[in-house]
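Let me begin by presenting the structure, written as structure tokens, before commenting on it.
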Protein chains: 2
Amino acid sequence: MNLISVFTSHPFFEPLAEHEKAYLARHALVRKLAREEYLATQGDCWPYLFLILEGEIEAVKVSTEGRPLIVTTFVSGDIFWGPAFFEADLPLPISLEANQPTTVVIWSRSTLDPLLAKGGIGWALARLMLRYMLRANVLLERLAFQPVTARLARLLLEHFQSTESPAIPRTLTLDDIAARIGTTREVACRSLYYLADRKIIDVTRTELVLIDRESLIQLAGET
Amino acid sequence: MNLISVFTSHPFFEPLAEHEKAYLARHALVRKLAREEYLATQGDCWPYLFLILEGEIEAVKVSTEGRPLIVTTFVSGDIFWGPAFFEADLPLPISLEANQPTTVVIWSRSTLDPLLAKGGIGWALARLMLRYMLRANVLLERLAFQPVTARLARLLLEHFQSTESPAIPRTLTLDDIAARIGTTREVACRSLYYLADRKIIDVTRTELVLIDRESLIQLAGET
DNA sequence: CCAAGGCTTTAACTTAACGCAAAACCTAAG
DNA sequence: CTTAGGTTTTGCGTTAAGTTAAAGCCTTGG
């Protein structure tokens, strides 16, 4: 397998010796997911750790009324796990859903167990977890303190940042946007046009064009 | 110092050898906090880990407009840390404020460093962090999906659970309640009377009496 | 070319939640 | 006893956000 090359390059596995990496590769479960396919669902007891080789996986929560909220997105190279990986019987607090065709490598708790006893990996896990905790924290802050418009503004800023061009094609549907900022389709749409009305962005059917970055930043609150 | 006895009894330090525990005790910083005193404030770079010996510490976030939100409460025996304990320069996402007279033991990153390299502690930290992440997750879910009344109902249930008696004295001020469920004084008060109006609880100036647990549970949503 | 299905947009309505302000109440200090 | 300061309670006006419904637009597949 050429899987080993992937591990070697990933900083997470750096502390491991060669034969340990080989062990990992032998026991790895490679799984391909289609768009909209679930890796695991909320409430499952899922004692695995995964690494994304290609694609994206969204961590999504669903309310009792069925409204989805995308908590975070894991991209290629990211590592995550189910709580049951650490302690038996802890249910998965979110669903893991592929965004697009995605390939992941999965290890079960029992496979990784012998390696975890060693120092390096435990520490690395703690660091990773810290990162995710901080992400969750940011989300919490926004949901608790910021209105929909501000959350939308921030989402847009992130998208505009990732490209040089001031225009981004409308790849996300309104439902996607709504799930990301924690609201509904309709409200997301209204907010978009609220921004358009004050000449902060330009909304067309095919793209969103940034007009006034300053105002957008201001609307998004601090940072 | 009799500090050592505290460590020995704490499962977190179980993996350590006796001489290591002694090392810990030697380098421990014991700090007493008065009520309302801050251990550290949001935005600080705070590379420490602490253990509560006595008292309580609240993790509180403050919005730009000054509205506080209590994210979680650490009680006697709990261990927590600043993100900078793991990675330099990460700011504290919350403030740590004593709820009551509180005693904590603090270690700096540099002190603990030699012990962290060893496996056991890293793993324990990862497990602890997982717990906190799950807590944050629950809070997120409630803020995102549940109305104020449901959040209040759940808070009350937790309080009623902790005592046998159906009556609890009003030790929390409305501001406290509001900060815990993420709203304002006035709204919290109104919600309280909303519950009283439908005979679910009884509100007097001195105590809250549980009348209809079933309804309260139902209002609180699942669980 | 047409029709179906999905996505977007708008409008009208409803309501939960917030802010302001004032009154009521309680406690502790003088 | 009185007052000052803090807390609780209530009324009122405002608004952000969710809901429902319907219309419009675009793409795709027959």
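Labeling convention for the structure tokens: chains A, B, ... as they appear, residues from 1 per chain, ligands from 1 in order of appearance.
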
As a count of residues only, please: all residues of chain A that backbone DSSP puts in helix (DSSP H, G or I). 101

Output as a list of chain:residue names the set of chain C residues within 12 Å of chain B, with distances taken over only C-alpha atoms (C1' of nucleotides).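 Residues passing the distance filter: C:DT15, C:DA16, C:DA17, C:DC18, C:DG19, C:DC20, C:DC25, C:DC26.
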
Exercise answer, chain D residues close to chain B, 10 Å and only C-alpha atoms (C1' of nucleotides), as a PyMOL selection string: chain D and resi 7-10

Can I get the residues of chain A within 10 Å of chain B, each with the closest pair of atoms and their distance in Å to one decimal, using only C-alpha atoms, sorted chain first then ascending number, as CSV?
residue,atom,partner,partner_atom,distance
A:Lys61,CA,B:Glu141,CA,7.7
A:Val62,CA,B:Glu141,CA,8.8
A:Ser63,CA,B:Phe145,CA,6.0
A:Thr64,CA,B:Phe145,CA,8.1
A:Glu65,CA,B:Phe145,CA,8.8
A:Gly66,CA,B:Phe145,CA,10.0
A:Arg67,CA,B:Phe145,CA,8.3
A:Pro68,CA,B:Phe145,CA,9.6
A:Leu69,CA,B:Ala144,CA,8.2
A:Val71,CA,B:Leu140,CA,9.2
A:Gly82,CA,B:Leu130,CA,9.9
A:Pro83,CA,B:Leu130,CA,7.0
A:Phe85,CA,B:Arg127,CA,9.8
A:Phe86,CA,B:Arg127,CA,6.3
A:Glu87,CA,B:Arg127,CA,7.8
A:Leu90,CA,B:Leu134,CA,9.6
A:Pro91,CA,B:Leu134,CA,9.9
A:Leu92,CA,B:Leu134,CA,9.3
A:Pro93,CA,B:Asn137,CA,7.3
A:Ile94,CA,B:Asn137,CA,9.0
A:Leu116,CA,B:Trp123,CA,7.6
A:Ala117,CA,B:Gly119,CA,5.8
A:Lys118,CA,B:Gly119,CA,5.1
A:Gly119,CA,B:Gly119,CA,3.4
A:Gly120,CA,B:Gly119,CA,7.0
A:Ile121,CA,B:Gly122,CA,8.2
A:Gly122,CA,B:Trp123,CA,4.5
A:Trp123,CA,B:Gly122,CA,4.5
A:Ala124,CA,B:Gly122,CA,8.1
A:Leu125,CA,B:Ala126,CA,6.2
A:Ala126,CA,B:Ala126,CA,4.2
A:Arg127,CA,B:Phe86,CA,6.4
A:Leu128,CA,B:Ala126,CA,8.9
A:Met129,CA,B:Met129,CA,6.8
A:Leu130,CA,B:Pro83,CA,7.0
A:Arg131,CA,B:Pro83,CA,8.8
A:Tyr132,CA,B:Met133,CA,8.1
A:Met133,CA,B:Met133,CA,5.7
A:Leu134,CA,B:Pro93,CA,7.4
A:Ala136,CA,B:Ala136,CA,7.2
A:Asn137,CA,B:Pro93,CA,7.2
A:Val138,CA,B:Pro93,CA,8.2
A:Leu139,CA,B:Leu140,CA,8.0
A:Leu140,CA,B:Leu140,CA,5.7
A:Glu141,CA,B:Lys61,CA,7.8
A:Arg142,CA,B:Ser63,CA,9.3
A:Leu143,CA,B:Ala144,CA,6.6
A:Ala144,CA,B:Leu143,CA,6.5
A:Phe145,CA,B:Ser63,CA,6.0
A:Gln146,CA,B:Ser63,CA,8.6
A:Ile181,CA,B:Ala144,CA,10.0
A:Gly182,CA,B:Ala144,CA,6.9
A:Thr183,CA,B:Ala144,CA,8.9
A:Gly221,CA,B:Thr64,CA,8.5
A:Glu222,CA,B:Thr64,CA,8.4

I need the chosen residues saved as an mmCIF file, in the first residue's frame, with C-alpha atoms.
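After the write, out20.cif holds the following:
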data_model
loop_
_atom_site.group_PDB
_atom_site.id
_atom_site.type_symbol
_atom_site.label_atom_id
_atom_site.label_comp_id
_atom_site.auth_asym_id
_atom_site.auth_seq_id
_atom_site.Cartn_x
_atom_site.Cartn_y
_atom_site.Cartn_z
ATOM 1 C CA LYS A 61 -26.308 18.664 14.189
ATOM 2 C CA VAL A 62 -30.002 18.315 13.622
ATOM 3 C CA SER A 63 -32.647 19.879 15.812
ATOM 4 C CA THR A 64 -35.702 17.945 16.870
ATOM 5 C CA GLU A 65 -37.709 19.867 14.280
ATOM 6 C CA GLY A 66 -35.213 18.796 11.637
ATOM 7 C CA ARG A 67 -33.317 22.029 11.170
ATOM 8 C CA PRO A 68 -29.663 21.275 10.413
ATOM 9 C CA LEU A 69 -26.683 23.180 11.739
ATOM 10 C CA VAL A 71 -20.895 22.813 13.237
ATOM 11 C CA GLY A 82 -16.115 9.626 17.804
ATOM 12 C CA PRO A 83 -16.221 10.218 21.569
ATOM 13 C CA PHE A 85 -12.998 6.275 20.716
ATOM 14 C CA PHE A 86 -11.993 7.604 24.121
ATOM 15 C CA GLU A 87 -14.631 6.290 26.428
ATOM 16 C CA LEU A 90 -20.375 7.984 24.601
ATOM 17 C CA PRO A 91 -22.693 8.770 21.708
ATOM 18 C CA LEU A 92 -21.643 10.837 18.726
ATOM 19 C CA PRO A 93 -22.976 14.368 19.276
ATOM 20 C CA ILE A 94 -23.074 15.146 15.556
ATOM 21 C CA LEU A 116 -1.901 5.313 22.213
ATOM 22 C CA ALA A 117 -0.167 4.162 25.343
ATOM 23 C CA LYS A 118 2.943 5.814 23.985
ATOM 24 C CA GLY A 119 3.263 9.471 24.777
ATOM 25 C CA GLY A 120 3.406 11.324 21.502
ATOM 26 C CA ILE A 121 0.046 10.405 20.122
ATOM 27 C CA GLY A 122 -1.944 11.147 23.248
ATOM 28 C CA TRP A 123 -0.443 14.590 23.413
ATOM 29 C CA ALA A 124 -1.106 15.204 19.735
ATOM 30 C CA LEU A 125 -4.706 14.171 20.228
ATOM 31 C CA ALA A 126 -5.075 16.587 23.097
ATOM 32 C CA ARG A 127 -3.755 19.369 20.911
ATOM 33 C CA LEU A 128 -6.068 18.486 18.085
ATOM 34 C CA MET A 129 -8.999 18.343 20.428
ATOM 35 C CA LEU A 130 -8.087 21.752 21.733
ATOM 36 C CA ARG A 131 -8.329 23.109 18.214
ATOM 37 C CA TYR A 132 -11.757 21.680 17.762
ATOM 38 C CA MET A 133 -12.839 22.985 21.117
ATOM 39 C CA LEU A 134 -11.775 26.465 20.120
ATOM 40 C CA ALA A 136 -16.811 25.129 18.780
ATOM 41 C CA ASN A 137 -16.234 28.046 21.080
ATOM 42 C CA VAL A 138 -16.219 30.546 18.258
ATOM 43 C CA LEU A 139 -19.406 29.111 16.886
ATOM 44 C CA LEU A 140 -20.980 29.292 20.322
ATOM 45 C CA GLU A 141 -20.057 32.912 20.641
ATOM 46 C CA ARG A 142 -21.577 33.791 17.315
ATOM 47 C CA LEU A 143 -24.789 31.941 17.891
ATOM 48 C CA ALA A 144 -25.179 33.400 21.356
ATOM 49 C CA PHE A 145 -24.254 36.987 20.626
ATOM 50 C CA GLN A 146 -24.465 37.788 16.969
ATOM 51 C CA ILE A 181 -25.146 30.275 9.988
ATOM 52 C CA GLY A 182 -27.920 28.592 11.913
ATOM 53 C CA THR A 183 -31.123 29.892 10.389
ATOM 54 C CA GLY A 221 -18.383 42.438 14.391
ATOM 55 C CA GLU A 222 -14.878 42.158 15.781
#

In Å, rounded to a single decimal, give me how far atom C1' of DC26 of chain D is from atom CA of Arg198 of chain A. 26.8 Å

Members of segment 39-173 of chain A assigned strand (DSSP E) by DSSP, as an MDAnalysis selection string: chainID A and resid 39:40 48:54 56:62 68:75 79:81 95:98 102:108 167:169

Restricting the output to C-alpha atoms, write the selected residues as a JSON list (two decimals), in the first residue's frame.
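Resulting contents of result_16.json:
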[["chain", "number", "residue", "atom", "x", "y", "z"],
["A", 39, "LEU", "CA", -19.86, 8.24, 7.74],
["A", 40, "ALA", "CA", -21.72, 7.99, 11.03],
["A", 48, "TYR", "CA", -13.27, 5.18, 15.48],
["A", 49, "LEU", "CA", -10.73, 7.74, 14.43],
["A", 50, "PHE", "CA", -10.56, 8.88, 10.83],
["A", 51, "LEU", "CA", -8.28, 10.81, 8.53],
["A", 52, "ILE", "CA", -9.58, 12.43, 5.39],
["A", 53, "LEU", "CA", -7.51, 11.63, 2.34],
["A", 54, "GLU", "CA", -9.64, 13.50, -0.09],
["A", 56, "GLU", "CA", -14.74, 17.02, 2.86],
["A", 57, "ILE", "CA", -16.88, 15.90, 5.74],
["A", 58, "GLU", "CA", -19.32, 18.07, 7.58],
["A", 59, "ALA", "CA", -20.14, 17.78, 11.24],
["A", 60, "VAL", "CA", -23.84, 18.47, 11.35],
["A", 61, "LYS", "CA", -26.31, 18.66, 14.19],
["A", 62, "VAL", "CA", -30.00, 18.31, 13.62],
["A", 68, "PRO", "CA", -29.66, 21.27, 10.41],
["A", 69, "LEU", "CA", -26.68, 23.18, 11.74],
["A", 70, "ILE", "CA", -23.25, 22.61, 10.31],
["A", 71, "VAL", "CA", -20.89, 22.81, 13.24],
["A", 72, "THR", "CA", -17.67, 22.47, 11.35],
["A", 73, "THR", "CA", -16.19, 21.05, 8.18],
["A", 74, "PHE", "CA", -13.29, 18.65, 8.09],
["A", 75, "VAL", "CA", -11.10, 18.84, 5.03],
["A", 79, "ILE", "CA", -8.31, 13.93, 11.76],
["A", 80, "PHE", "CA", -11.34, 13.41, 13.93],
["A", 81, "TRP", "CA", -13.02, 10.66, 15.97],
["A", 95, "SER", "CA", -23.50, 13.41, 12.24],
["A", 96, "LEU", "CA", -20.59, 13.07, 9.85],
["A", 97, "GLU", "CA", -21.69, 13.63, 6.29],
["A", 98, "ALA", "CA", -19.66, 13.77, 3.12],
["A", 102, "THR", "CA", -14.66, 11.67, -0.17],
["A", 103, "THR", "CA", -12.07, 9.10, 0.84],
["A", 104, "VAL", "CA", -11.29, 8.46, 4.49],
["A", 105, "VAL", "CA", -9.05, 6.09, 6.40],
["A", 106, "ILE", "CA", -10.55, 4.67, 9.55],
["A", 107, "TRP", "CA", -9.04, 2.95, 12.55],
["A", 108, "SER", "CA", -10.93, 1.42, 15.41],
["A", 167, "ALA", "CA", -16.81, 37.65, -7.03],
["A", 168, "ILE", "CA", -17.68, 34.18, -5.88],
["A", 169, "PRO", "CA", -19.97, 31.83, -7.78]]
